[in-house]
file coords-v3.cif (mmCIF, C-alpha atoms and all ligand atoms)
data_structure
#
loop_
_atom_site.label_atom_id
_atom_site.label_comp_id
_atom_site.auth_asym_id
_atom_site.auth_seq_id
_atom_site.Cartn_x
_atom_site.Cartn_y
_atom_site.Cartn_z
CA MET A 1091 0.00 0.00 0.00
CA ILE A 1092 1.38 3.43 -0.94
CA PRO A 1093 0.44 5.62 2.07
CA TYR A 1094 -1.05 9.11 1.66
CA GLY A 1095 1.76 10.59 3.74
CA LYS A 1096 5.01 9.44 5.31
CA GLN A 1097 8.04 10.80 7.16
CA ASP A 1098 11.47 11.05 5.50
CA ILE A 1099 14.26 10.17 7.97
CA SER A 1100 17.93 10.50 6.96
CA GLU A 1101 21.08 9.07 8.58
CA ARG A 1102 21.87 12.62 9.78
CA ASP A 1103 18.48 12.78 11.52
CA ILE A 1104 19.27 9.50 13.28
CA GLU A 1105 22.73 10.68 14.33
CA ALA A 1106 21.29 13.91 15.71
CA VAL A 1107 18.92 11.95 17.96
CA VAL A 1108 21.64 9.49 19.03
CA ASP A 1109 23.96 12.40 19.94
CA VAL A 1110 21.33 13.67 22.36
CA LEU A 1111 20.92 10.19 23.88
CA ARG A 1112 24.66 10.24 24.66
CA SER A 1113 24.48 13.74 26.18
CA ASP A 1114 23.59 14.93 29.70
CA PHE A 1115 20.07 16.11 28.99
CA LEU A 1116 17.08 14.24 27.59
CA THR A 1117 14.67 16.98 28.61
CA GLN A 1118 14.99 20.69 29.49
CA GLY A 1119 18.47 20.93 27.94
CA PRO A 1120 20.00 23.17 25.25
CA VAL A 1121 18.49 21.62 22.09
CA VAL A 1122 14.83 22.62 22.58
CA PRO A 1123 15.70 26.35 22.79
CA ARG A 1124 17.88 25.97 19.68
CA PHE A 1125 15.00 24.37 17.80
CA GLU A 1126 12.62 27.10 18.97
CA ALA A 1127 15.00 29.82 17.79
CA ALA A 1128 15.60 28.07 14.45
CA VAL A 1129 11.89 27.70 13.64
CA ALA A 1130 11.16 31.29 14.73
CA ALA A 1131 14.04 32.55 12.54
CA TYR A 1132 12.86 30.46 9.57
CA CYS A 1133 9.38 32.01 9.85
CA GLY A 1134 10.50 35.51 10.72
CA ALA A 1135 8.74 35.49 14.11
CA ASN A 1136 10.24 36.77 17.36
CA HIS A 1137 9.53 33.81 19.65
CA GLY A 1138 8.99 30.05 19.44
CA VAL A 1139 7.59 27.75 22.13
CA ALA A 1140 8.08 24.02 21.44
CA VAL A 1141 5.64 21.50 22.93
CA ASN A 1142 4.73 17.82 22.70
CA SER A 1143 2.03 18.27 20.00
CA ALA A 1144 0.18 20.87 17.98
CA THR A 1145 -2.88 19.98 20.02
CA SER A 1146 -1.00 21.16 23.14
CA ALA A 1147 0.20 24.27 21.29
CA LEU A 1148 -3.40 25.17 20.37
CA HIS A 1149 -4.47 24.67 23.97
CA LEU A 1150 -1.62 26.84 25.29
CA ALA A 1151 -2.38 29.52 22.67
CA CYS A 1152 -5.99 29.71 23.85
CA ARG A 1153 -4.94 29.78 27.53
CA ALA A 1154 -2.32 32.47 26.90
CA ILE A 1155 -4.90 34.66 25.15
CA GLY A 1156 -7.24 34.14 28.10
CA LEU A 1157 -10.02 32.16 26.41
CA GLY A 1158 -12.41 30.87 29.06
CA PRO A 1159 -16.01 30.17 30.07
CA GLY A 1160 -18.47 32.46 28.32
CA ASP A 1161 -16.10 33.01 25.36
CA TRP A 1162 -16.43 31.72 21.79
CA LEU A 1163 -13.82 30.30 19.43
CA TRP A 1164 -14.62 30.01 15.72
CA THR A 1165 -12.78 27.76 13.30
CA SER A 1166 -13.28 25.90 10.02
CA PRO A 1167 -15.42 22.74 9.97
CA ILE A 1168 -12.90 21.17 7.54
CA THR A 1169 -10.03 20.52 9.93
CA PHE A 1170 -8.76 18.02 12.45
CA VAL A 1171 -10.82 18.02 15.66
CA ALA A 1172 -7.94 19.56 17.66
CA SER A 1173 -8.54 23.01 16.07
CA ALA A 1174 -11.92 23.12 17.84
CA ASN A 1175 -11.27 20.99 20.94
CA CYS A 1176 -8.77 23.57 22.28
CA ALA A 1177 -11.70 25.89 23.05
CA LEU A 1178 -13.61 23.21 24.94
CA TYR A 1179 -10.50 22.45 27.05
CA CYS A 1180 -10.71 26.08 28.23
CA GLY A 1181 -14.42 25.89 29.03
CA ALA A 1182 -15.25 28.11 26.04
CA GLN A 1183 -17.74 27.36 23.25
CA VAL A 1184 -17.08 26.52 19.60
CA ASP A 1185 -18.72 27.62 16.39
CA PHE A 1186 -17.67 27.20 12.75
CA VAL A 1187 -17.38 29.38 9.65
CA ASP A 1188 -18.10 27.64 6.35
CA ILE A 1189 -15.35 27.16 3.77
CA ASP A 1190 -14.57 28.70 0.40
CA PRO A 1191 -15.49 26.16 -2.32
CA ASN A 1192 -12.25 26.74 -4.26
CA THR A 1193 -9.57 26.73 -1.55
CA PHE A 1194 -11.50 24.73 1.12
CA ASN A 1195 -10.21 27.24 3.68
CA MET A 1196 -12.35 29.40 5.96
CA CYS A 1197 -14.19 31.86 3.70
CA PRO A 1198 -13.55 35.53 4.65
CA GLN A 1199 -16.95 36.61 3.23
CA GLN A 1200 -18.79 34.01 5.33
CA LEU A 1201 -16.76 35.14 8.33
CA GLU A 1202 -17.75 38.76 7.73
CA LYS A 1203 -21.45 37.85 7.47
CA LYS A 1204 -21.34 35.72 10.61
CA LEU A 1205 -19.52 38.44 12.56
CA ALA A 1206 -22.11 41.06 11.64
CA MET A 1207 -24.84 38.73 12.92
CA ALA A 1208 -22.93 37.80 16.09
CA ASP A 1209 -22.26 41.48 16.77
CA SER A 1210 -25.98 42.26 16.73
CA GLN A 1211 -26.55 39.38 19.19
CA GLY A 1212 -23.60 40.29 21.44
CA ARG A 1213 -21.90 36.96 20.76
CA LEU A 1214 -18.65 37.91 19.02
CA PRO A 1215 -15.81 35.36 19.17
CA LYS A 1216 -12.74 36.01 21.30
CA VAL A 1217 -10.53 33.81 19.10
CA VAL A 1218 -10.76 32.81 15.43
CA VAL A 1219 -8.62 29.86 14.25
CA PRO A 1220 -8.06 29.89 10.47
CA VAL A 1221 -6.69 26.52 9.30
CA HIS A 1222 -4.30 26.45 6.33
CA LEU A 1223 -5.76 23.31 4.79
CA ALA A 1224 -3.37 21.08 2.84
CA GLY A 1225 -0.61 23.67 3.36
CA GLN A 1226 -2.23 26.57 1.48
CA SER A 1227 -2.54 29.70 3.57
CA CYS A 1228 -5.96 31.17 4.24
CA ASN A 1229 -6.47 34.64 2.83
CA MET A 1230 -5.23 36.25 6.04
CA LYS A 1231 -5.32 39.92 5.11
CA PRO A 1232 -9.13 40.29 5.09
CA ILE A 1233 -9.40 38.07 8.17
CA LYS A 1234 -6.95 40.37 10.02
CA ALA A 1235 -8.93 43.43 8.89
CA LEU A 1236 -12.05 41.84 10.45
CA ALA A 1237 -10.10 41.09 13.65
CA ASP A 1238 -9.17 44.78 13.90
CA ARG A 1239 -12.79 45.80 13.31
CA TYR A 1240 -14.43 43.32 15.71
CA GLY A 1241 -11.62 42.89 18.25
CA PHE A 1242 -10.95 39.17 18.16
CA HIS A 1243 -7.62 37.33 18.40
CA ILE A 1244 -6.27 35.12 15.61
CA VAL A 1245 -4.49 31.80 16.13
CA GLU A 1246 -3.38 30.31 12.80
CA ASP A 1247 -3.54 26.51 12.75
CA ALA A 1248 -0.62 26.00 10.36
CA SER A 1249 -0.23 22.32 11.24
CA HIS A 1250 -0.05 21.62 7.49
CA ALA A 1251 1.75 24.73 6.40
CA ILE A 1252 5.32 25.09 7.65
CA GLY A 1253 7.36 26.01 4.59
CA GLY A 1254 4.34 27.61 2.90
CA ARG A 1255 4.17 31.30 1.99
CA TYR A 1256 1.54 34.03 1.93
CA ARG A 1257 2.03 37.32 0.10
CA ASP A 1258 5.69 36.44 -0.49
CA GLU A 1259 6.38 35.93 3.22
CA PRO A 1260 6.67 32.73 5.28
CA VAL A 1261 3.59 31.36 7.02
CA GLY A 1262 4.34 31.80 10.72
CA ASN A 1263 5.67 35.36 10.68
CA CYS A 1264 2.45 36.27 12.56
CA ARG A 1265 1.91 39.47 10.57
CA TYR A 1266 -1.81 38.66 10.56
CA SER A 1267 -2.17 36.76 13.83
CA ASP A 1268 -1.32 36.64 17.53
CA ILE A 1269 0.06 33.09 17.41
CA THR A 1270 0.74 30.48 14.69
CA VAL A 1271 0.85 26.76 15.50
CA PHE A 1272 2.77 24.00 13.65
CA SER A 1273 2.52 20.21 14.00
CA PHE A 1274 5.44 17.80 13.68
CA HIS A 1275 3.41 14.58 13.58
CA PRO A 1276 5.11 12.13 11.15
CA VAL A 1277 2.69 12.75 8.28
CA LYS A 1278 3.25 16.53 8.39
CA ILE A 1279 5.93 18.42 6.42
CA ILE A 1280 8.74 17.92 8.99
CA THR A 1281 8.55 15.65 12.02
CA THR A 1282 9.74 15.27 15.61
CA GLY A 1283 7.82 12.01 16.12
CA GLU A 1284 5.13 13.81 18.07
CA GLY A 1285 5.54 17.53 18.57
CA GLY A 1286 4.29 21.02 17.95
CA LEU A 1287 5.45 24.60 18.16
CA ALA A 1288 3.80 27.98 18.61
CA VAL A 1289 5.40 31.11 17.15
CA THR A 1290 4.45 34.65 18.13
CA ASN A 1291 5.79 38.19 18.01
CA SER A 1292 4.44 38.91 21.51
CA GLU A 1293 6.90 38.41 24.35
CA ALA A 1294 4.03 38.29 26.86
CA LEU A 1295 2.21 35.51 24.99
CA ALA A 1296 5.45 33.53 24.54
CA GLU A 1297 6.23 33.77 28.27
CA ARG A 1298 2.74 32.69 29.23
CA MET A 1299 2.81 29.70 26.90
CA ALA A 1300 6.26 28.70 28.21
CA LEU A 1301 5.00 28.95 31.80
CA LEU A 1302 1.86 26.89 31.14
CA ARG A 1303 3.85 24.28 29.18
CA SER A 1304 5.59 23.32 32.41
CA HIS A 1305 2.97 23.19 35.20
CA GLY A 1306 2.73 26.97 35.62
CA ILE A 1307 5.92 26.79 37.65
CA THR A 1308 8.57 29.54 37.63
CA ARG A 1309 12.05 29.68 39.11
CA GLU A 1310 12.56 33.34 38.26
CA PRO A 1311 12.46 35.39 41.49
CA ASP A 1312 11.01 38.47 39.76
CA ARG A 1313 7.99 36.50 38.54
CA MET A 1314 7.20 35.02 41.96
CA THR A 1315 4.31 36.37 43.96
CA HIS A 1316 5.83 35.26 47.31
CA THR A 1317 9.32 35.73 48.73
CA PRO A 1318 11.42 32.59 48.11
CA ASP A 1319 12.01 30.43 51.22
CA GLY A 1320 15.52 29.56 49.98
CA PRO A 1321 17.64 28.63 46.97
CA TRP A 1322 15.61 25.41 46.41
CA TYR A 1323 12.45 27.39 45.86
CA TYR A 1324 10.17 27.21 42.85
CA GLN A 1325 6.72 28.59 42.69
CA GLN A 1326 3.55 27.55 40.90
CA ILE A 1327 1.82 30.76 39.87
CA ASP A 1328 -0.78 29.37 37.44
CA LEU A 1329 -2.38 26.00 36.58
CA GLY A 1330 -0.23 24.57 33.78
CA TYR A 1331 0.50 21.18 32.22
CA ASN A 1332 3.39 18.95 31.26
CA TYR A 1333 3.44 19.75 27.54
CA ARG A 1334 7.23 19.81 27.16
CA MET A 1335 9.12 18.62 24.07
CA THR A 1336 12.09 16.29 24.69
CA GLU A 1337 15.66 16.99 23.57
CA MET A 1338 15.51 13.98 21.21
CA GLN A 1339 12.45 15.40 19.50
CA ALA A 1340 14.04 18.84 19.16
CA ALA A 1341 17.25 17.33 17.72
CA LEU A 1342 15.21 15.48 15.10
CA GLY A 1343 13.27 18.67 14.36
CA LEU A 1344 16.44 20.75 13.93
CA SER A 1345 17.89 18.20 11.55
CA GLN A 1346 14.63 17.95 9.59
CA LEU A 1347 14.38 21.74 9.36
CA GLU A 1348 17.54 21.75 7.21
CA ARG A 1349 15.62 19.81 4.56
CA LEU A 1350 12.31 21.67 4.86
CA ASP A 1351 12.75 23.69 1.66
CA ALA A 1352 13.78 20.56 -0.27
CA PHE A 1353 10.74 18.68 1.07
CA VAL A 1354 8.39 21.46 -0.03
CA ALA A 1355 10.06 21.70 -3.45
CA ARG A 1356 9.61 17.97 -4.03
CA ARG A 1357 6.00 18.02 -2.80
CA SER A 1358 5.20 20.88 -5.12
CA GLU A 1359 6.85 19.12 -8.08
CA LEU A 1360 4.71 16.03 -7.37
CA ALA A 1361 1.58 18.20 -7.07
CA GLU A 1362 2.26 19.71 -10.49
CA GLY A 1363 2.69 16.17 -11.81
CA TYR A 1364 -0.78 15.27 -10.55
CA ASP A 1365 -2.24 18.51 -11.95
CA THR A 1366 -1.12 17.47 -15.43
CA ALA A 1367 -1.72 13.72 -15.24
CA LEU A 1368 -5.25 13.95 -13.77
CA ALA A 1369 -6.46 17.01 -15.69
CA ASP A 1370 -8.78 15.13 -18.06
CA LEU A 1371 -10.57 13.02 -15.40
CA PRO A 1372 -14.04 13.86 -13.96
CA LEU A 1373 -12.46 15.46 -10.89
CA HIS A 1374 -11.95 18.87 -9.36
CA LEU A 1375 -8.23 19.30 -8.72
CA PRO A 1376 -6.94 21.53 -5.89
CA GLY A 1377 -7.74 25.23 -6.42
CA ARG A 1378 -5.01 27.82 -6.02
CA CYS A 1379 -5.17 31.02 -4.02
CA GLU A 1380 -3.27 33.72 -5.87
CA ASN A 1381 -1.53 35.02 -2.75
CA ALA A 1382 -0.39 31.68 -1.36
CA GLU A 1383 2.37 29.20 -2.12
CA SER A 1384 1.33 25.91 -0.56
CA SER A 1385 3.67 23.63 1.36
CA TRP A 1386 1.60 20.80 -0.20
CA HIS A 1387 0.87 18.73 2.90
CA LEU A 1388 -2.04 17.10 1.06
CA TYR A 1389 -3.22 16.68 -2.51
CA VAL A 1390 -7.03 16.52 -2.30
CA ILE A 1391 -9.01 15.50 -5.36
CA GLN A 1392 -12.77 15.96 -5.48
CA VAL A 1393 -14.90 13.43 -7.31
CA GLY A 1394 -17.13 15.31 -9.75
CA ASP A 1395 -20.10 13.00 -9.14
CA SER A 1396 -20.51 12.70 -5.36
CA ASN A 1397 -22.60 9.53 -5.85
CA ARG A 1398 -19.37 7.81 -6.94
CA HIS A 1399 -17.27 9.08 -4.00
CA ARG A 1400 -17.30 5.92 -1.93
CA GLU A 1401 -16.86 3.63 -4.94
CA VAL A 1402 -13.81 5.59 -6.17
CA PHE A 1403 -12.31 5.66 -2.66
CA GLU A 1404 -12.72 1.90 -2.29
CA ALA A 1405 -11.40 1.20 -5.80
CA LEU A 1406 -8.23 3.16 -4.99
CA ARG A 1407 -7.74 1.29 -1.71
CA GLU A 1408 -8.23 -2.02 -3.56
CA ARG A 1409 -5.51 -1.00 -5.99
CA GLY A 1410 -3.02 -0.46 -3.15
CA ILE A 1411 -3.35 3.30 -2.91
CA GLY A 1412 -3.62 4.36 0.75
CA VAL A 1413 -6.08 7.16 0.16
CA ASN A 1414 -7.61 9.01 3.07
CA LEU A 1415 -10.20 11.71 3.71
CA HIS A 1416 -9.25 15.06 5.23
CA TYR A 1417 -11.58 15.76 6.92
CA ILE A 1418 -14.92 14.60 8.22
CA PRO A 1419 -16.50 17.98 9.08
CA VAL A 1420 -15.91 18.51 12.81
CA HIS A 1421 -19.52 19.57 13.45
CA LEU A 1422 -20.70 16.13 12.21
CA GLN A 1423 -18.64 14.22 14.79
CA PRO A 1424 -20.94 12.61 17.38
CA TYR A 1425 -19.39 14.67 20.18
CA TYR A 1426 -20.11 17.93 18.35
CA ARG A 1427 -23.60 16.77 17.38
CA SER A 1428 -24.21 16.27 21.11
CA LEU A 1429 -23.35 19.97 21.52
CA GLY A 1430 -26.16 20.87 19.11
CA PHE A 1431 -24.66 20.82 15.60
CA SER A 1432 -26.41 18.94 12.79
CA PRO A 1433 -26.11 18.05 9.10
CA GLY A 1434 -26.93 21.05 6.95
CA ASP A 1435 -25.26 23.57 9.29
CA PHE A 1436 -22.26 24.15 6.97
CA PRO A 1437 -23.34 23.11 3.45
CA VAL A 1438 -20.14 23.99 1.56
CA ALA A 1439 -18.06 21.93 4.00
CA GLU A 1440 -20.52 19.04 3.73
CA ASP A 1441 -20.41 19.13 -0.08
CA TYR A 1442 -16.60 19.08 0.10
CA TYR A 1443 -16.81 16.06 2.41
CA SER A 1444 -19.05 14.23 -0.06
CA ARG A 1445 -16.34 14.40 -2.77
CA ALA A 1446 -12.86 14.73 -1.21
CA ILE A 1447 -10.10 12.11 -1.37
CA SER A 1448 -6.46 12.68 -0.33
CA ILE A 1449 -4.11 10.82 -2.67
CA PRO A 1450 -0.47 10.03 -1.76
CA LEU A 1451 1.84 13.03 -1.48
CA PHE A 1452 5.10 13.09 0.47
CA ALA A 1453 8.70 14.04 -0.22
CA GLY A 1454 9.84 10.42 -0.56
CA LEU A 1455 7.14 9.43 -3.09
CA THR A 1456 9.01 8.21 -6.20
CA ASN A 1457 8.02 9.08 -9.77
CA GLU A 1458 7.31 5.37 -10.26
CA GLU A 1459 4.92 5.33 -7.28
CA GLN A 1460 3.24 8.48 -8.50
CA ARG A 1461 2.66 6.80 -11.88
CA LYS A 1462 0.96 3.91 -10.03
CA VAL A 1463 -1.32 6.37 -8.26
CA VAL A 1464 -2.18 8.02 -11.58
CA VAL A 1465 -2.92 4.69 -13.31
CA ALA A 1466 -5.06 3.55 -10.36
CA SER A 1467 -6.96 6.85 -10.40
CA ARG A 1468 -7.66 6.52 -14.12
CA ASP A 1469 -8.92 2.95 -13.56
CA ALA A 1470 -11.02 3.91 -10.56
CA LEU A 1471 -12.70 6.78 -12.38
CA HIS A 1472 -13.22 4.86 -15.60
C1 LIG A 1501 -2.27 17.28 12.76
C2 LIG A 1501 -3.16 18.42 13.04
C3 LIG A 1501 -3.37 18.92 14.34
C4 LIG A 1501 -2.86 18.22 15.56
O1 LIG A 1501 -1.51 18.00 15.52
P1 LIG A 1501 -0.82 17.05 16.61
O2 LIG A 1501 0.62 17.48 16.53
O3 LIG A 1501 -1.04 15.65 16.12
O4 LIG A 1501 -1.43 17.31 17.92
C5 LIG A 1501 -4.14 20.05 14.51
N1 LIG A 1501 -4.70 20.66 13.45
C6 LIG A 1501 -4.55 20.21 12.20
C7 LIG A 1501 -5.18 20.96 11.08
C8 LIG A 1501 -3.79 19.07 11.97
O5 LIG A 1501 -3.67 18.59 10.73
#

call {"tool": "encode", "arguments": {"input": "coords-v3.cif", "output": "structure tokens"}}
result
Amino acid sequence: MIPYGKQDISERDIEAVVDVLRSDFLTQGPVVPRFEAAVAAYCGANHGVAVNSATSALHLACRAIGLGPGDWLWTSPITFVASANCALYCGAQVDFVDIDPNTFNMCPQQLEKKLAMADSQGRLPKVVVPVHLAGQSCNMKPIKALADRYGFHIVEDASHAIGGRYRDEPVGNCRYSDITVFSFHPVKIITTGEGGLAVTNSEALAERMALLRSHGITREPDRMTHTPDGPWYYQQIDLGYNYRMTEMQAALGLSQLERLDAFVARRSELAEGYDTALADLPLHLPGRCENAESSWHLYVIQVGDSNRHREVFEALRERGIGVNLHYIPVHLQPYYRSLGFSPGDFPVAEDYYSRAISIPLFAGLTNEEQRKVVVASRDALH
């Protein structure tokens, strides 16, 4: 089976991890801060906070911003559940903004309409989480203009999008957001096994996320609210978590970061290959946003006739192609239905769901394997 996504681990990656295993620190050593600085520098952001997953990074971002009971977080229905769950962890409520039918990202016009309505009902969101689906940035400029008008915070879920660009600048420079979150799960663009990282230009938000990542405990005397009893003293000043990244993970991440641009270049070459080879089939191929250069985490085809969706998906699996579906709309998950959402709430997202199939795309996919995917797709859609 050719998987839809897969990590690419080199001998140098392995050596970098082994070097850490032979060193003095497996956690809370020098490599995590180096990885944080390297990712922040790559993106052009001032601060990076590395954690054990993007899910944790989203949670910390919401906590640092002060999301809590009585507040609302809005995100896209076409995302992984973590983009919405972070609000529920904080005791806040979730709502969704339907997607643009061409980019499958949160639609700025739908957002504007929903904000006007929420404003009249006194239910404006405190945080909006745009998700850069498949690695293609949302159209952030109009979303930021709405944030300035209605006073909400923006957390970019860029789990798919490290190495992507928007308006000729790297995703993650936080020009249009308070915080941007990356995932380093093995199927993503670069990996640390499990891992995530939040970048921000705000020193206050970075400090708060770093504090909450490690139990809410500080050892810095000037941050303590009580006089230290002695040199052994540490103080818990907030309720935090153990969301720390290990030194092994950071070493792997640093080594992977060196190949990020090469990974994205190869992914984009493969995507262009699919664009050409699948052009004549009864499919909608991924739409492009003129301001964005995708990191190509996913290549999502849409079956023209939604009645054939399941049949085409199964035919591809039968032919050894490990296709997947990103994503089941979050509001249709049983847990979210129990919160009051139902089919029909976000029709563009639901139409997308009735047609979408992710076909294999990863840096290590060979031309030969890609040809197999193309032949199988032609057969399946015959
Ligand atoms: C993978 C992913 C996450 C969660 O990332 P983890 O590192 O696995 O916690 C969140 N949002 C999106 C859009 C993702 O694809």

call {"tool": "residues_near_ligand", "arguments": {"input": "coords-v3.cif", "ligand": "ligand LIG 1501 (chain A)", "cutoff": "9 Å", "atoms": "all atoms listed in the file", "output": "ChimeraX atom specification"}}
result
/A:1142-1148,1168-1174,1221-1224,1247-1250,1271-1278,1284-1287,1416

call {"tool": "residues_around", "arguments": {"input": "coords-v3.cif", "residues": "A:Val1413", "least_positions_apart": "3", "cutoff": "12 Å", "atoms": "all atoms listed in the file", "output": "list in words"}}
result
Met1091, Ile1092, Pro1093, Tyr1094, Gly1095, Leu1388, Tyr1389, Val1390, Ile1391, Arg1400, Val1402, Phe1403, Glu1404, Ala1405, Leu1406, Arg1407, Glu1408, Arg1409, Gly1410, His1416, Ala1446, Ile1447, Ser1448, Ile1449, Pro1450, Leu1451, Val1463, Ala1466 and Ser1467 of chain A

call {"tool": "atom_distance", "arguments": {"input": "coords-v3.cif", "atom1": "atom CA of A:Pro1232", "atom2": "atom CA of A:Glu1259"}}
result
16.2 Å

call {"tool": "residues_around", "arguments": {"input": "coords-v3.cif", "residues": "A:Met1230", "least_positions_apart": "6", "cutoff": "9 Å", "atoms": "all atoms listed in the file", "output": "PyMOL selection string"}}
result
chain A and resi 1198+1220+1256+1266-1267

call {"tool": "closest_residue", "arguments": {"input": "coords-v3.cif", "among": "A:Tyr1442, A:Val1465, A:Gly1306, A:Ala1296", "to": "A:Pro1376", "atoms": "all atoms listed in the file"}}
result
A:Tyr1442

call {"tool": "atom_distance", "arguments": {"input": "coords-v3.cif", "atom1": "atom CA of A:Asp1098", "atom2": "atom CA of A:Gln1339"}}
result
14.7 Å

call {"tool": "closest_residue", "arguments": {"input": "coords-v3.cif", "among": "A:Gly1320, A:Gly1134, A:Met1196, A:Ile1279", "to": "A:Phe1436", "atoms": "all atoms listed in the file"}}
result
A:Met1196

call {"tool": "residues_around", "arguments": {"input": "coords-v3.cif", "residues": "A:His1137", "least_positions_apart": "4", "cutoff": "9 Å", "atoms": "all atoms listed in the file", "output": "PyMOL selection string"}}
result
chain A and resi 1126-1127+1129-1131+1288-1293+1296

call {"tool": "closest_residue", "arguments": {"input": "coords-v3.cif", "among": "A:Val1108, A:Val1261, A:Leu1368, A:Leu1375", "to": "A:Ala1135", "atoms": "all atoms listed in the file"}}
result
A:Val1261

call {"tool": "closest_residue", "arguments": {"input": "coords-v3.cif", "among": "A:Thr1456, A:Thr1165, A:Gln1226, A:Asn1397", "to": "A:Val1420", "atoms": "all atoms listed in the file"}}
result
A:Thr1165

call {"tool": "closest_residue", "arguments": {"input": "coords-v3.cif", "among": "A:Glu1310, A:Leu1201, A:Cys1152, A:Gly1330", "to": "A:Glu1246", "atoms": "all atoms listed in the file"}}
result
A:Cys1152

call {"tool": "closest_residue", "arguments": {"input": "coords-v3.cif", "among": "A:Asn1457, A:Gln1183, A:Thr1282, A:Ser1384", "to": "A:Gly1160", "atoms": "only C-alpha atoms"}}
result
A:Gln1183

call {"tool": "atom_distance", "arguments": {"input": "coords-v3.cif", "atom1": "atom CA of A:Gly1158", "atom2": "atom CA of A:Lys1216"}}
result
9.3 Å

call {"tool": "residues_around", "arguments": {"input": "coords-v3.cif", "residues": "A:Glu1101", "least_positions_apart": "3", "cutoff": "12 Å", "atoms": "only C-alpha atoms", "output": "mmCIF file with C-alpha atoms, keeping the file's coordinate frame"}}
result
data_model
loop_
_atom_site.group_PDB
_atom_site.id
_atom_site.type_symbol
_atom_site.label_atom_id
_atom_site.label_comp_id
_atom_site.auth_asym_id
_atom_site.auth_seq_id
_atom_site.Cartn_x
_atom_site.Cartn_y
_atom_site.Cartn_z
ATOM 1 C CA ASP A 1098 11.470 11.050 5.500
ATOM 2 C CA ILE A 1104 19.270 9.500 13.280
ATOM 3 C CA GLU A 1105 22.730 10.680 14.330
ATOM 4 C CA ALA A 1106 21.290 13.910 15.710
ATOM 5 C CA VAL A 1107 18.920 11.950 17.960
ATOM 6 C CA VAL A 1108 21.640 9.490 19.030
ATOM 7 C CA LEU A 1342 15.210 15.480 15.100
ATOM 8 C CA SER A 1345 17.890 18.200 11.550
ATOM 9 C CA GLN A 1346 14.630 17.950 9.590
#

call {"tool": "residues_around", "arguments": {"input": "coords-v3.cif", "residues": "A:Pro1372", "least_positions_apart": "4", "cutoff": "10 Å", "atoms": "all atoms listed in the file", "output": "PyMOL selection string"}}
result
chain A and resi 1368+1392-1395+1468+1471-1472

call {"tool": "decode", "arguments": {"input": "coords-v3.cif", "residues": "stretch 1307-1325 of chain A", "atoms": "C-alpha atoms", "output": "mmCIF file, in the first residue's frame"}}
result
data_model
loop_
_atom_site.group_PDB
_atom_site.id
_atom_site.type_symbol
_atom_site.label_atom_id
_atom_site.label_comp_id
_atom_site.auth_asym_id
_atom_site.auth_seq_id
_atom_site.Cartn_x
_atom_site.Cartn_y
_atom_site.Cartn_z
ATOM 1 C CA ILE A 1307 5.925 26.792 37.646
ATOM 2 C CA THR A 1308 8.566 29.538 37.625
ATOM 3 C CA ARG A 1309 12.054 29.683 39.109
ATOM 4 C CA GLU A 1310 12.561 33.337 38.255
ATOM 5 C CA PRO A 1311 12.462 35.391 41.486
ATOM 6 C CA ASP A 1312 11.014 38.472 39.763
ATOM 7 C CA ARG A 1313 7.986 36.499 38.538
ATOM 8 C CA MET A 1314 7.203 35.022 41.964
ATOM 9 C CA THR A 1315 4.314 36.373 43.964
ATOM 10 C CA HIS A 1316 5.828 35.257 47.309
ATOM 11 C CA THR A 1317 9.315 35.734 48.732
ATOM 12 C CA PRO A 1318 11.424 32.588 48.105
ATOM 13 C CA ASP A 1319 12.014 30.429 51.215
ATOM 14 C CA GLY A 1320 15.523 29.559 49.978
ATOM 15 C CA PRO A 1321 17.642 28.634 46.970
ATOM 16 C CA TRP A 1322 15.610 25.407 46.406
ATOM 17 C CA TYR A 1323 12.455 27.386 45.863
ATOM 18 C CA TYR A 1324 10.175 27.210 42.846
ATOM 19 C CA GLN A 1325 6.719 28.587 42.689
#
